[in-house]
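Peer 1: CSV, C-alpha atoms and all ligand atoms, file target-v7.csv:
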```csv
chain,number,residue,atom,x,y,z
A,1,MET,CA,16.9,11.6,16.2
A,2,ALA,CA,15.2,10.0,19.2
A,3,VAL,CA,12.1,11.6,20.5
A,4,ALA,CA,11.7,12.0,24.2
A,5,ALA,CA,8.6,10.5,25.7
A,6,GLY,CA,7.8,13.6,27.6
A,7,ALA,CA,7.2,15.4,24.3
A,8,LEU,CA,4.5,12.9,23.3
A,9,PRO,CA,0.8,13.2,23.8
A,10,ALA,CA,-0.8,11.6,26.9
A,11,ALA,CA,-0.9,7.8,26.7
A,12,ASP,CA,-4.7,7.8,27.4
A,13,LEU,CA,-5.5,10.0,24.4
A,14,PHE,CA,-6.9,7.0,22.6
A,15,ALA,CA,-8.6,4.8,25.2
A,16,GLN,CA,-7.8,1.1,24.8
A,17,GLY,CA,-10.8,-1.2,24.7
A,18,THR,CA,-11.2,-4.9,24.4
A,19,THR,CA,-11.5,-7.0,21.3
A,20,SER,CA,-15.2,-7.4,21.7
A,21,ASP,CA,-15.6,-3.6,21.6
A,22,VAL,CA,-14.3,-3.4,18.1
A,23,ARG,CA,-16.3,-5.9,16.1
A,24,GLY,CA,-19.5,-5.5,14.0
A,25,ALA,CA,-20.8,-2.0,14.0
A,26,LYS,CA,-17.7,-0.9,16.0
A,27,SER,CA,-15.3,-2.3,13.4
A,28,LEU,CA,-13.1,-0.3,11.0
A,29,ARG,CA,-15.0,-1.6,8.1
A,30,ALA,CA,-18.4,-0.6,9.5
A,31,HIS,CA,-17.2,2.9,10.3
A,32,ALA,CA,-15.6,3.2,6.8
A,33,GLN,CA,-18.6,1.9,5.0
A,34,LEU,CA,-21.0,4.4,6.6
A,35,ARG,CA,-18.8,7.1,5.1
A,36,GLY,CA,-18.3,5.5,1.6
A,37,LEU,CA,-14.7,4.6,2.4
A,38,LEU,CA,-12.7,1.5,1.9
A,39,VAL,CA,-10.4,0.3,4.8
A,40,GLY,CA,-8.3,-2.8,4.9
A,41,CYS,CA,-4.9,-4.3,5.1
A,42,ALA,CA,-2.2,-6.3,3.4
A,43,VAL,CA,-2.6,-10.0,4.0
A,44,VAL,CA,-0.7,-13.3,3.8
A,45,PRO,CA,-2.8,-16.2,2.3
A,46,GLY,CA,-1.2,-18.9,4.5
A,47,LYS,CA,-2.3,-17.1,7.6
A,48,LEU,CA,-5.8,-16.4,6.3
A,49,HIS,CA,-6.3,-20.1,5.9
A,50,GLY,CA,-4.1,-21.4,8.7
A,51,GLU,CA,-4.6,-19.1,11.6
A,52,ARG,CA,-8.0,-18.6,13.1
A,53,ASP,CA,-7.4,-15.4,15.1
A,54,TYR,CA,-5.7,-13.7,12.1
A,55,ALA,CA,-8.5,-14.7,9.7
A,56,ASP,CA,-11.2,-13.6,12.2
A,57,LEU,CA,-9.6,-10.2,12.6
A,58,VAL,CA,-9.1,-9.6,8.8
A,59,GLY,CA,-12.7,-10.8,8.1
A,60,ALA,CA,-14.1,-8.5,10.8
A,61,GLN,CA,-12.2,-5.3,10.1
A,62,ALA,CA,-11.4,-5.0,6.4
A,63,ASN,CA,-13.7,-4.3,3.4
A,64,ILE,CA,-10.7,-4.4,1.1
A,65,LEU,CA,-7.6,-6.6,1.1
A,66,VAL,CA,-4.3,-6.5,-0.7
A,67,ALA,CA,-1.7,-9.3,-1.0
A,68,GLU,CA,1.5,-8.4,0.9
A,69,ASN,CA,3.6,-10.6,-1.3
A,70,ALA,CA,1.3,-13.2,-3.1
A,71,MET,CA,0.8,-11.3,-6.3
A,72,LYS,CA,4.4,-10.3,-6.9
A,73,TRP,CA,6.4,-11.8,-9.7
A,74,LYS,CA,8.5,-13.8,-7.2
A,75,ALA,CA,5.4,-15.5,-5.8
A,76,LEU,CA,3.5,-16.0,-9.1
A,77,ARG,CA,6.4,-17.1,-11.3
A,78,PRO,CA,8.3,-20.2,-10.0
A,79,ALA,CA,9.8,-20.7,-13.5
A,80,PRO,CA,9.8,-18.7,-16.8
A,81,ASP,CA,7.1,-20.9,-18.2
A,82,LYS,CA,5.0,-21.4,-15.0
A,83,PHE,CA,2.4,-19.4,-13.1
A,84,ASP,CA,1.4,-20.4,-9.5
A,85,PHE,CA,-1.8,-18.6,-8.6
A,86,ARG,CA,-2.6,-20.6,-5.4
A,87,GLY,CA,-1.8,-17.9,-2.9
A,88,ALA,CA,-3.5,-15.1,-4.9
A,89,ASP,CA,-6.5,-17.2,-5.6
A,90,ALA,CA,-6.8,-18.0,-1.8
A,91,ILE,CA,-7.0,-14.3,-1.0
A,92,LEU,CA,-9.7,-13.7,-3.6
A,93,ALA,CA,-11.7,-16.7,-2.2
A,94,PHE,CA,-11.4,-15.4,1.4
A,95,ALA,CA,-12.4,-11.9,0.2
A,96,SER,CA,-15.4,-13.2,-1.6
A,97,ARG,CA,-16.6,-15.1,1.5
A,98,HIS,CA,-16.3,-12.0,3.6
A,99,GLY,CA,-17.7,-9.4,1.2
A,100,GLN,CA,-14.4,-7.7,0.7
A,101,LYS,CA,-12.8,-6.0,-2.3
A,102,VAL,CA,-9.2,-6.9,-3.4
A,103,ARG,CA,-6.4,-4.7,-4.7
A,104,GLY,CA,-3.7,-6.2,-6.9
A,105,HIS,CA,-0.1,-5.5,-5.9
A,106,ASN,CA,1.8,-5.5,-8.2
A,107,LEU,CA,2.4,-6.1,-11.9
A,108,CYS,CA,5.7,-4.3,-12.2
A,109,TRP,CA,8.4,-3.6,-9.6
A,110,HIS,CA,12.2,-3.6,-9.5
A,111,GLU,CA,12.1,-5.9,-6.4
A,112,ALA,CA,10.6,-9.3,-5.7
A,113,LEU,CA,11.6,-10.7,-9.1
A,114,PRO,CA,12.2,-14.4,-9.3
A,115,ASP,CA,15.6,-15.9,-9.1
A,116,TRP,CA,15.5,-17.0,-12.8
A,117,PHE,CA,14.9,-13.4,-13.9
A,118,ALA,CA,18.5,-12.2,-14.3
A,119,GLY,CA,19.6,-15.2,-16.3
A,120,THR,CA,16.5,-15.4,-18.5
A,121,VAL,CA,15.2,-11.9,-19.3
A,122,THR,CA,17.2,-10.0,-22.0
A,123,LYS,CA,16.8,-6.9,-24.0
A,124,ASP,CA,15.5,-9.2,-26.8
A,125,ASN,CA,12.7,-10.9,-24.9
A,126,ALA,CA,12.0,-8.5,-22.0
A,127,ARG,CA,9.0,-6.7,-23.6
A,128,GLN,CA,7.4,-10.0,-24.6
A,129,ILE,CA,7.9,-11.6,-21.1
A,130,PHE,CA,6.7,-8.4,-19.5
A,131,THR,CA,3.5,-8.1,-21.5
A,132,GLU,CA,2.7,-11.8,-21.3
A,133,HIS,CA,3.0,-11.6,-17.5
A,134,ILE,CA,0.6,-8.6,-17.3
A,135,ARG,CA,-1.8,-10.1,-19.8
A,136,THR,CA,-1.9,-13.4,-17.9
A,137,VAL,CA,-2.1,-12.1,-14.4
A,138,ALA,CA,-4.4,-9.1,-15.0
A,139,GLY,CA,-6.5,-11.3,-17.3
A,140,ARG,CA,-7.0,-14.0,-14.7
A,141,TYR,CA,-8.5,-11.6,-12.2
A,142,ALA,CA,-10.2,-9.4,-14.8
A,143,ARG,CA,-13.3,-7.7,-13.4
A,144,LYS,CA,-12.7,-9.1,-10.0
A,145,LEU,CA,-10.3,-6.5,-8.5
A,146,HIS,CA,-10.9,-3.0,-7.2
A,147,SER,CA,-7.6,-1.8,-8.5
A,148,TRP,CA,-4.1,-2.8,-9.6
A,149,ASP,CA,-0.8,-1.3,-8.6
A,150,VAL,CA,0.4,-1.6,-12.2
A,151,VAL,CA,3.8,0.0,-11.6
A,152,ASN,CA,5.4,0.3,-8.2
A,153,GLU,CA,8.1,2.6,-7.1
A,154,ALA,CA,9.4,3.8,-10.6
A,155,ILE,CA,10.6,7.2,-9.4
A,156,ASP,CA,14.0,7.7,-7.8
A,157,THR,CA,15.1,11.3,-7.7
A,158,LYS,CA,18.7,10.1,-7.0
A,159,SER,CA,19.0,8.3,-10.3
A,160,GLY,CA,20.4,11.4,-11.9
A,161,ARG,CA,18.1,11.0,-14.9
A,162,PRO,CA,16.1,14.1,-16.0
A,163,ASP,CA,12.9,12.1,-16.1
A,164,GLY,CA,13.5,11.0,-12.5
A,165,LEU,CA,13.0,7.3,-13.4
A,166,ARG,CA,14.6,4.7,-11.2
A,167,LYS,CA,17.3,2.6,-12.8
A,168,SER,CA,15.2,-0.6,-12.6
A,169,PRO,CA,15.7,-3.8,-14.6
A,170,TRP,CA,12.6,-2.9,-16.5
A,171,LEU,CA,14.0,0.5,-17.5
A,172,GLU,CA,17.3,-1.0,-18.5
A,173,LEU,CA,15.7,-3.9,-20.5
A,174,ILE,CA,12.7,-2.1,-22.2
A,175,GLY,CA,13.4,1.6,-21.9
A,176,PRO,CA,11.3,4.4,-20.3
A,177,GLU,CA,8.2,3.4,-22.3
A,178,TYR,CA,7.9,0.3,-20.0
A,179,ILE,CA,5.5,2.3,-17.8
A,180,ASP,CA,3.1,3.2,-20.6
A,181,VAL,CA,3.3,-0.4,-21.9
A,182,ALA,CA,2.4,-1.8,-18.5
A,183,PHE,CA,-0.7,0.4,-18.1
A,184,ARG,CA,-1.9,-0.1,-21.6
A,185,THR,CA,-1.5,-3.9,-21.3
A,186,ALA,CA,-3.2,-3.9,-18.0
A,187,ARG,CA,-6.2,-1.9,-19.3
A,188,ALA,CA,-6.6,-4.3,-22.3
A,189,ALA,CA,-6.5,-7.3,-20.0
A,190,ASP,CA,-8.8,-5.8,-17.3
A,191,PRO,CA,-11.0,-2.9,-18.3
A,192,LYS,CA,-12.5,-2.6,-14.9
A,193,ALA,CA,-9.7,-2.4,-12.3
A,194,LEU,CA,-8.6,1.1,-11.3
A,195,LEU,CA,-5.1,1.3,-12.7
A,196,THR,CA,-2.7,2.8,-10.1
A,197,TYR,CA,0.8,4.1,-9.9
A,198,ASN,CA,2.1,3.4,-6.3
A,199,ASP,CA,5.1,4.9,-4.6
A,200,TYR,CA,6.7,5.7,-1.2
A,201,GLY,CA,8.6,8.6,0.3
A,202,ILE,CA,6.2,11.2,-1.1
A,203,GLU,CA,4.4,12.1,2.1
A,204,GLU,CA,6.6,14.5,4.0
A,205,ASP,CA,7.4,18.2,3.3
A,206,SER,CA,11.2,17.6,3.3
A,207,ALA,CA,13.2,18.7,0.3
A,208,GLU,CA,13.8,15.1,-0.7
A,209,GLN,CA,10.2,14.0,-0.5
A,210,THR,CA,8.9,17.2,-2.1
A,211,ALA,CA,11.2,16.5,-5.1
A,212,LYS,CA,10.0,12.9,-5.4
A,213,ARG,CA,6.4,14.0,-5.3
A,214,GLU,CA,7.2,16.4,-8.1
A,215,GLY,CA,8.7,13.5,-10.0
A,216,VAL,CA,5.6,11.4,-9.6
A,217,LEU,CA,3.4,14.3,-10.7
A,218,GLN,CA,5.5,14.8,-13.8
A,219,LEU,CA,5.3,11.1,-14.6
A,220,VAL,CA,1.5,11.0,-14.2
A,221,GLN,CA,1.0,14.2,-16.2
A,222,GLY,CA,3.1,12.8,-19.0
A,223,MET,CA,1.0,9.6,-19.0
A,224,LYS,CA,-2.2,11.6,-19.1
A,225,LYS,CA,-0.9,13.7,-22.0
A,226,ARG,CA,0.0,10.6,-23.9
A,227,GLY,CA,-3.4,9.1,-23.3
A,228,VAL,CA,-2.1,6.3,-21.2
A,229,PRO,CA,-4.8,4.8,-19.0
A,230,ILE,CA,-4.3,5.7,-15.3
A,231,ASP,CA,-7.0,6.0,-12.7
A,232,ALA,CA,-5.3,6.5,-9.3
A,233,VAL,CA,-2.1,7.1,-7.4
A,234,GLY,CA,-1.2,5.1,-4.3
A,235,VAL,CA,0.6,6.9,-1.5
A,236,GLN,CA,2.2,4.1,0.4
A,237,SER,CA,2.5,6.0,3.7
A,238,HIS,CA,5.2,4.1,5.5
A,239,LEU,CA,5.5,6.9,8.1
A,240,SER,CA,7.7,7.3,11.1
A,241,ALA,CA,6.4,8.6,14.5
A,242,SER,CA,9.7,10.5,14.9
A,243,ASP,CA,9.4,12.4,11.6
A,244,PRO,CA,7.4,15.6,11.1
A,245,LEU,CA,3.9,14.9,10.1
A,246,PRO,CA,3.1,15.1,6.3
A,247,GLY,CA,1.2,18.3,5.6
A,248,ALA,CA,0.7,21.0,2.9
A,249,GLY,CA,2.8,19.5,0.2
A,250,LEU,CA,1.0,16.2,0.2
A,251,ARG,CA,-2.4,17.8,0.5
A,252,GLU,CA,-1.7,20.0,-2.6
A,253,PHE,CA,-0.4,16.9,-4.4
A,254,VAL,CA,-3.6,15.0,-3.7
A,255,ARG,CA,-5.6,18.0,-4.9
A,256,GLU,CA,-3.6,18.3,-8.0
A,257,LEU,CA,-4.3,14.7,-8.8
A,258,GLY,CA,-8.0,15.4,-8.1
A,259,ARG,CA,-8.0,18.1,-10.7
A,260,MET,CA,-6.6,15.5,-13.1
A,261,LYS,CA,-9.6,13.3,-12.1
A,262,LEU,CA,-7.4,10.7,-10.4
A,263,GLN,CA,-8.3,8.9,-7.2
A,264,VAL,CA,-5.7,8.6,-4.4
A,265,PHE,CA,-5.4,5.5,-2.1
A,266,VAL,CA,-3.4,5.2,1.1
A,267,THR,CA,-2.0,1.9,0.2
A,268,GLU,CA,0.6,0.7,2.8
A,269,LEU,CA,0.1,2.6,6.0
A,270,ASP,CA,2.2,1.8,9.0
A,271,ILE,CA,4.0,4.0,11.6
A,272,ASN,CA,7.5,3.1,12.4
A,273,GLU,CA,8.3,3.9,16.1
A,274,ARG,CA,11.9,2.6,16.3
A,275,LYS,CA,13.3,6.0,17.2
A,276,VAL,CA,10.7,6.8,19.8
A,277,GLU,CA,11.7,6.4,23.4
A,278,GLY,CA,9.5,5.9,26.5
A,279,SER,CA,7.1,3.4,27.8
A,280,VAL,CA,5.1,1.1,25.5
A,281,ALA,CA,2.0,3.2,26.3
A,282,GLU,CA,3.8,6.4,25.4
A,283,ARG,CA,5.1,4.9,22.2
A,284,ASP,CA,1.6,3.6,21.3
A,285,ALA,CA,0.2,7.1,21.9
A,286,ALA,CA,2.8,8.6,19.6
A,287,VAL,CA,1.9,6.1,16.8
A,288,ALA,CA,-1.8,6.7,17.4
A,289,ARG,CA,-1.4,10.4,17.1
A,290,VAL,CA,0.1,9.9,13.6
A,291,TYR,CA,-2.7,7.6,12.5
A,292,LYS,CA,-5.2,10.1,13.7
A,293,ASP,CA,-3.7,13.2,12.2
A,294,TYR,CA,-2.5,11.6,8.9
A,295,VAL,CA,-5.6,9.7,8.1
A,296,THR,CA,-7.8,12.7,9.1
A,297,MET,CA,-5.9,14.9,6.7
A,298,MET,CA,-6.1,12.3,3.9
A,299,VAL,CA,-9.8,11.5,4.1
A,300,ALA,CA,-10.7,15.2,4.2
A,301,GLU,CA,-9.8,15.1,0.4
A,302,PRO,CA,-12.8,13.8,-1.6
A,303,ASN,CA,-10.6,11.9,-4.1
A,304,VAL,CA,-9.1,9.8,-1.3
A,305,SER,CA,-11.3,6.7,-1.2
A,306,ALA,CA,-9.3,3.9,0.5
A,307,VAL,CA,-7.0,3.4,3.4
A,308,LEU,CA,-5.0,0.2,3.7
A,309,THR,CA,-2.5,-0.7,6.5
A,310,TRP,CA,0.5,-2.8,5.7
A,311,GLY,CA,-0.6,-5.7,7.8
A,312,ILE,CA,-3.1,-5.7,10.6
A,313,THR,CA,-1.3,-7.0,13.7
A,314,ASP,CA,2.1,-6.2,15.2
A,315,ARG,CA,2.6,-9.9,15.3
A,316,TYR,CA,3.4,-9.8,11.6
A,317,THR,CA,5.1,-6.7,10.3
A,318,TRP,CA,8.0,-6.1,7.9
A,319,LEU,CA,9.2,-3.4,10.3
A,320,ASP,CA,10.5,-6.1,12.7
A,321,ALA,CA,13.1,-7.2,10.1
A,322,PRO,CA,16.6,-6.5,11.5
A,323,LYS,CA,17.1,-3.6,9.2
A,324,TYR,CA,14.1,-1.7,10.5
A,325,ALA,CA,13.7,-3.1,14.1
A,326,ARG,CA,14.0,-1.1,17.3
A,327,PRO,CA,17.6,-0.9,18.6
A,328,ASP,CA,16.4,-2.2,22.0
A,329,GLY,CA,15.0,-5.3,20.3
A,330,GLN,CA,11.4,-4.6,21.5
A,331,PRO,CA,8.7,-5.3,18.9
A,332,GLN,CA,7.3,-2.4,17.0
A,333,GLY,CA,3.8,-1.2,17.8
A,334,CYS,CA,3.0,0.0,14.3
A,335,LEU,CA,-0.4,-1.4,13.3
A,336,PRO,CA,-4.0,-1.1,14.6
A,337,PHE,CA,-3.8,-4.4,16.5
A,338,ASP,CA,-1.1,-5.5,18.8
A,339,ALA,CA,0.8,-8.8,18.7
A,340,ASN,CA,-2.0,-10.5,20.8
A,341,TYR,CA,-4.7,-9.3,18.4
A,342,GLU,CA,-5.9,-6.7,20.9
A,343,PRO,CA,-6.8,-3.3,19.5
A,344,ALA,CA,-4.0,-0.8,20.0
A,345,PRO,CA,-4.5,2.9,20.5
A,346,ALA,CA,-3.8,3.1,16.8
A,347,PHE,CA,-7.0,1.3,16.1
A,348,PHE,CA,-9.1,3.9,17.9
A,349,ALA,CA,-7.2,6.7,16.3
A,350,LEU,CA,-7.7,5.2,12.8
A,351,ARG,CA,-11.4,4.7,13.4
A,352,ASP,CA,-11.8,8.3,14.7
A,353,ALA,CA,-10.0,9.5,11.6
A,354,LEU,CA,-12.3,7.5,9.3
A,355,ASP,CA,-15.3,9.1,11.2
A,356,SER,CA,-14.0,12.5,10.4
A,357,ARG,CA,-14.8,12.0,6.7
A,358,ARG,CA,-17.4,14.6,5.8
A,359,SER,CA,-20.8,13.1,5.1
A,360,ASN,CA,-21.5,15.2,2.0
A,361,GLU,CA,-18.6,13.4,0.3
A,362,GLN,CA,-20.0,9.9,0.7
A,401,LIG,O1,6.2,-6.4,3.4
A,401,LIG,C1,6.8,-6.9,2.2
A,401,LIG,C2,7.9,-7.9,2.6
A,401,LIG,O2,7.3,-9.0,3.3
A,401,LIG,C3,8.6,-8.4,1.4
A,401,LIG,O3,9.7,-9.2,1.8
A,401,LIG,C4,9.1,-7.2,0.6
A,401,LIG,C5,9.8,-7.7,-0.7
A,401,LIG,O4,8.9,-8.3,-1.5
A,401,LIG,O5,8.1,-6.4,0.3
A,401,LIG,C6,7.4,-5.8,1.4
A,401,LIG,O6,6.3,-5.0,0.9
A,401,LIG,C7,6.7,-3.8,0.3
A,401,LIG,C8,5.7,-3.5,-0.8
A,401,LIG,O7,5.5,-4.6,-1.6
A,401,LIG,C9,6.1,-2.3,-1.6
A,401,LIG,N1,6.3,-1.1,-0.7
A,401,LIG,C10,7.2,-1.3,0.4
A,401,LIG,C11,6.8,-2.6,1.2
A,401,LIG,C12,7.7,-2.7,2.4
A,401,LIG,O8,9.0,-3.0,2.0
```
If you convert what's in this file into structure tokens, what do you get?
Ligand code: 9MR

Peer 2:
Amino acid sequence: MAVAAGALPAADLFAQGTTSDVRGAKSLRAHAQLRGLLVGCAVVPGKLHGERDYADLVGAQANILVAENAMKWKALRPAPDKFDFRGADAILAFASRHGQKVRGHNLCWHEALPDWFAGTVTKDNARQIFTEHIRTVAGRYARKLHSWDVVNEAIDTKSGRPDGLRKSPWLELIGPEYIDVAFRTARAADPKALLTYNDYGIEEDSAEQTAKREGVLQLVQGMKKRGVPIDAVGVQSHLSASDPLPGAGLREFVRELGRMKLQVFVTELDINERKVEGSVAERDAAVARVYKDYVTMMVAEPNVSAVLTWGITDRYTWLDAPKYARPDGQPQGCLPFDANYEPAPAFFALRDALDSRRSNEQ
């Protein structure tokens, strides 16, 4: 469903400034830090080290980074007997120079597996290859990471299974206990990183997303009951400006996790505007409105401690891939900075939302 521009908030709702207005004390990281929050983005190591403007922006705005792809199996495992840590190491080196924390993403996912995976991993060796990977990767970065997405996207309510687990290669090769195995192995390798379960499509109040949220809660409750170490849940937050805003369902989910002593991180925030019509300014305003309202809602919950966007500039976003791009071919304005590294209305909306964090919860 397309949204008519006339229905959108005024384009000047979030006044646009210039780059110099948003650095130092006016940056996202400075505003977040004052309120005890972490704010940051997914990064690409080649750009951190090869593109001055990109690196400057990430250094100035984030106090936490996550690898968009560089810590996935596909990036780390060129061959069954090889690890390549160059990209991941480069992110840690950059973060250390800029006083930033780093999240690990991810130790286990059904996507981004190396090409050799299918022909090499069998029911006989899967558990050994799986635990060796987690031990090696989590071990290498032990005590250096803020948190790890140990298992990513394991729930799929359409799988037809009573436990709601996705029919992933890991489920098929190891069985449902692969999740417990992953978390226990990660804890043994790195006692310090906050071990996180991360998923998408659990934000909105639709029947589908409500059911998926329920599935995640069931999974996490089961883990707690079995004594499996888990510290946090990542709510990816790939939202759409043309969908109804997340609300009561997600808020109650975050609170329920809080009662279980779990933290919640907004891990991959971006706002898709492909179905929004109108001028660029009107579309920007629609995106900014979601940043403001969504992040304000999330940081009002004391167990929400980090907000990361999936990228920092519209110049580089997975949402411009053909499958997700705007039908008119125009680039998506979905992140805090536009394609020329200028702050978008979303930047000011996000900063205002961070400012709304209550000071007694610092
Ligand atoms: O943004 C990432 C894109 O560059 C990769 O090609 C893709 C597959 O590895 O993964 C994208 O990031 C995903 C993340 O790892 C997990 N949640 C959904 C993200 C967007 O697809």

Peer 1: In terms of the shortest atom-to-atom distance over all atoms listed in the file, which of A:Gly104, A:Gly164, A:Gly249, A:Pro302 is closest to ligand LIG 401 (chain A)?

Peer 2: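 Distance minimum relative to ligand LIG 401 (chain A) lands on A:Gly104.
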
Peer 1: Can you tell me which residues surround Ser96 of chain A at a distance of at most 12 Å, considering all atoms listed in the file, apart from same-chain residues fewer than 3 positions away, and format the answer as a list of chain:residue names?

Peer 2: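 These residues fall inside the cut-off: A:Gly59, A:Asn63, A:Ile64, A:Leu65, A:Asp89, A:Ala90, A:Ile91, A:Leu92, A:Ala93, A:Gly99, A:Gln100, A:Lys101, A:Val102, A:Lys144, A:Leu145.
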
Peer 1: Measuring atom to atom with all atoms listed in the file, identify which of A:Lys47, A:Arg213, A:Arg103, A:His238 is nearest to ligand LIG 401 (chain A).

Peer 2: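 Checking each of A:Lys47, A:Arg213, A:Arg103, A:His238 against ligand LIG 401 (chain A), counting all atoms listed in the file, the winner is A:His238.
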
Peer 1: Excluding Pro244 of chain A and any residue of its chain fewer than 4 positions from it, enumerate the residues within 9 Å of it, using all atoms listed in the file, and give them as a compact mmCIF listing (two decimals) with C-alpha atoms, in the coordinates of the input.

Peer 2:
```txt
# COMPACT_ATOMS: atom_id res chain seq x y z
CA GLU A 204 6.60 14.50 4.00
CA ASP A 205 7.40 18.20 3.30
CA SER A 206 11.20 17.60 3.30
CA SER A 240 7.70 7.30 11.10
```

Peer 1: Hey, which bits of chain A sit within 12 Å of ligand LIG 401 (chain A), and for each residue what's the closest pair of atoms and how far apart in Å (one decimal), counting all atoms listed in the file, rows by chain and increasing number, as JSON lines?

Peer 2:
```
{"residue": "A:Cys41", "atom": "CA", "partner": "A:LIG401", "partner_atom": "O1", "distance": 11.4}
{"residue": "A:Ala42", "atom": "CA", "partner": "A:LIG401", "partner_atom": "O1", "distance": 8.4}
{"residue": "A:Val43", "atom": "CA", "partner": "A:LIG401", "partner_atom": "O1", "distance": 9.5}
{"residue": "A:Val44", "atom": "CA", "partner": "A:LIG401", "partner_atom": "O2", "distance": 9.1}
{"residue": "A:Val66", "atom": "CA", "partner": "A:LIG401", "partner_atom": "O7", "distance": 10.0}
{"residue": "A:Ala67", "atom": "CA", "partner": "A:LIG401", "partner_atom": "O7", "distance": 8.6}
{"residue": "A:Glu68", "atom": "CA", "partner": "A:LIG401", "partner_atom": "C1", "distance": 5.7}
{"residue": "A:Asn69", "atom": "CA", "partner": "A:LIG401", "partner_atom": "O4", "distance": 5.8}
{"residue": "A:Ala70", "atom": "CA", "partner": "A:LIG401", "partner_atom": "O4", "distance": 9.2}
{"residue": "A:Met71", "atom": "CA", "partner": "A:LIG401", "partner_atom": "O7", "distance": 9.4}
{"residue": "A:Lys72", "atom": "CA", "partner": "A:LIG401", "partner_atom": "O4", "distance": 7.3}
{"residue": "A:Trp73", "atom": "CA", "partner": "A:LIG401", "partner_atom": "O4", "distance": 9.3}
{"residue": "A:Lys74", "atom": "CA", "partner": "A:LIG401", "partner_atom": "O4", "distance": 7.9}
{"residue": "A:Ala75", "atom": "CA", "partner": "A:LIG401", "partner_atom": "O4", "distance": 9.1}
{"residue": "A:Gly104", "atom": "CA", "partner": "A:LIG401", "partner_atom": "O7", "distance": 10.7}
{"residue": "A:His105", "atom": "CA", "partner": "A:LIG401", "partner_atom": "O7", "distance": 7.1}
{"residue": "A:Asn106", "atom": "CA", "partner": "A:LIG401", "partner_atom": "O7", "distance": 7.6}
{"residue": "A:Leu107", "atom": "CA", "partner": "A:LIG401", "partner_atom": "O7", "distance": 10.9}
{"residue": "A:Cys108", "atom": "CA", "partner": "A:LIG401", "partner_atom": "O7", "distance": 10.6}
{"residue": "A:Trp109", "atom": "CA", "partner": "A:LIG401", "partner_atom": "C9", "distance": 8.4}
{"residue": "A:His110", "atom": "CA", "partner": "A:LIG401", "partner_atom": "O4", "distance": 9.8}
{"residue": "A:Glu111", "atom": "CA", "partner": "A:LIG401", "partner_atom": "O4", "distance": 6.3}
{"residue": "A:Ala112", "atom": "CA", "partner": "A:LIG401", "partner_atom": "O4", "distance": 4.6}
{"residue": "A:Leu113", "atom": "CA", "partner": "A:LIG401", "partner_atom": "O4", "distance": 8.4}
{"residue": "A:Pro114", "atom": "CA", "partner": "A:LIG401", "partner_atom": "O4", "distance": 10.4}
{"residue": "A:Asp149", "atom": "CA", "partner": "A:LIG401", "partner_atom": "C9", "distance": 9.9}
{"residue": "A:Val151", "atom": "CA", "partner": "A:LIG401", "partner_atom": "C9", "distance": 10.5}
{"residue": "A:Asn152", "atom": "CA", "partner": "A:LIG401", "partner_atom": "C9", "distance": 7.1}
{"residue": "A:Glu153", "atom": "CA", "partner": "A:LIG401", "partner_atom": "N1", "distance": 7.6}
{"residue": "A:Ala154", "atom": "CA", "partner": "A:LIG401", "partner_atom": "C9", "distance": 11.4}
{"residue": "A:Tyr197", "atom": "CA", "partner": "A:LIG401", "partner_atom": "C9", "distance": 11.7}
{"residue": "A:Asn198", "atom": "CA", "partner": "A:LIG401", "partner_atom": "N1", "distance": 8.3}
{"residue": "A:Asp199", "atom": "CA", "partner": "A:LIG401", "partner_atom": "N1", "distance": 7.3}
{"residue": "A:Tyr200", "atom": "CA", "partner": "A:LIG401", "partner_atom": "N1", "distance": 6.8}
{"residue": "A:Gly201", "atom": "CA", "partner": "A:LIG401", "partner_atom": "C10", "distance": 10.0}
{"residue": "A:Gly234", "atom": "CA", "partner": "A:LIG401", "partner_atom": "N1", "distance": 10.4}
{"residue": "A:Val235", "atom": "CA", "partner": "A:LIG401", "partner_atom": "N1", "distance": 9.9}
{"residue": "A:Gln236", "atom": "CA", "partner": "A:LIG401", "partner_atom": "N1", "distance": 6.7}
{"residue": "A:Ser237", "atom": "CA", "partner": "A:LIG401", "partner_atom": "N1", "distance": 9.2}
{"residue": "A:His238", "atom": "CA", "partner": "A:LIG401", "partner_atom": "C10", "distance": 7.7}
{"residue": "A:Leu239", "atom": "CA", "partner": "A:LIG401", "partner_atom": "C10", "distance": 11.4}
{"residue": "A:Val266", "atom": "CA", "partner": "A:LIG401", "partner_atom": "N1", "distance": 11.7}
{"residue": "A:Thr267", "atom": "CA", "partner": "A:LIG401", "partner_atom": "N1", "distance": 8.9}
{"residue": "A:Glu268", "atom": "CA", "partner": "A:LIG401", "partner_atom": "N1", "distance": 6.9}
{"residue": "A:Leu269", "atom": "CA", "partner": "A:LIG401", "partner_atom": "C11", "distance": 9.7}
{"residue": "A:Asp270", "atom": "CA", "partner": "A:LIG401", "partner_atom": "C12", "distance": 9.7}
{"residue": "A:Ile271", "atom": "CA", "partner": "A:LIG401", "partner_atom": "C12", "distance": 12.0}
{"residue": "A:Asn272", "atom": "CA", "partner": "A:LIG401", "partner_atom": "C12", "distance": 11.6}
{"residue": "A:Thr309", "atom": "CA", "partner": "A:LIG401", "partner_atom": "O1", "distance": 10.9}
{"residue": "A:Trp310", "atom": "CA", "partner": "A:LIG401", "partner_atom": "O1", "distance": 7.1}
{"residue": "A:Gly311", "atom": "CA", "partner": "A:LIG401", "partner_atom": "O1", "distance": 8.1}
{"residue": "A:Ile312", "atom": "CA", "partner": "A:LIG401", "partner_atom": "O1", "distance": 11.8}
{"residue": "A:Tyr316", "atom": "CA", "partner": "A:LIG401", "partner_atom": "O2", "distance": 9.2}
{"residue": "A:Thr317", "atom": "CA", "partner": "A:LIG401", "partner_atom": "O1", "distance": 7.0}
{"residue": "A:Trp318", "atom": "CA", "partner": "A:LIG401", "partner_atom": "O1", "distance": 4.9}
{"residue": "A:Leu319", "atom": "CA", "partner": "A:LIG401", "partner_atom": "C12", "distance": 8.1}
{"residue": "A:Asp320", "atom": "CA", "partner": "A:LIG401", "partner_atom": "O1", "distance": 10.3}
{"residue": "A:Ala321", "atom": "CA", "partner": "A:LIG401", "partner_atom": "O2", "distance": 9.1}
{"residue": "A:Lys323", "atom": "CA", "partner": "A:LIG401", "partner_atom": "O8", "distance": 10.9}
{"residue": "A:Tyr324", "atom": "CA", "partner": "A:LIG401", "partner_atom": "O8", "distance": 10.0}
```
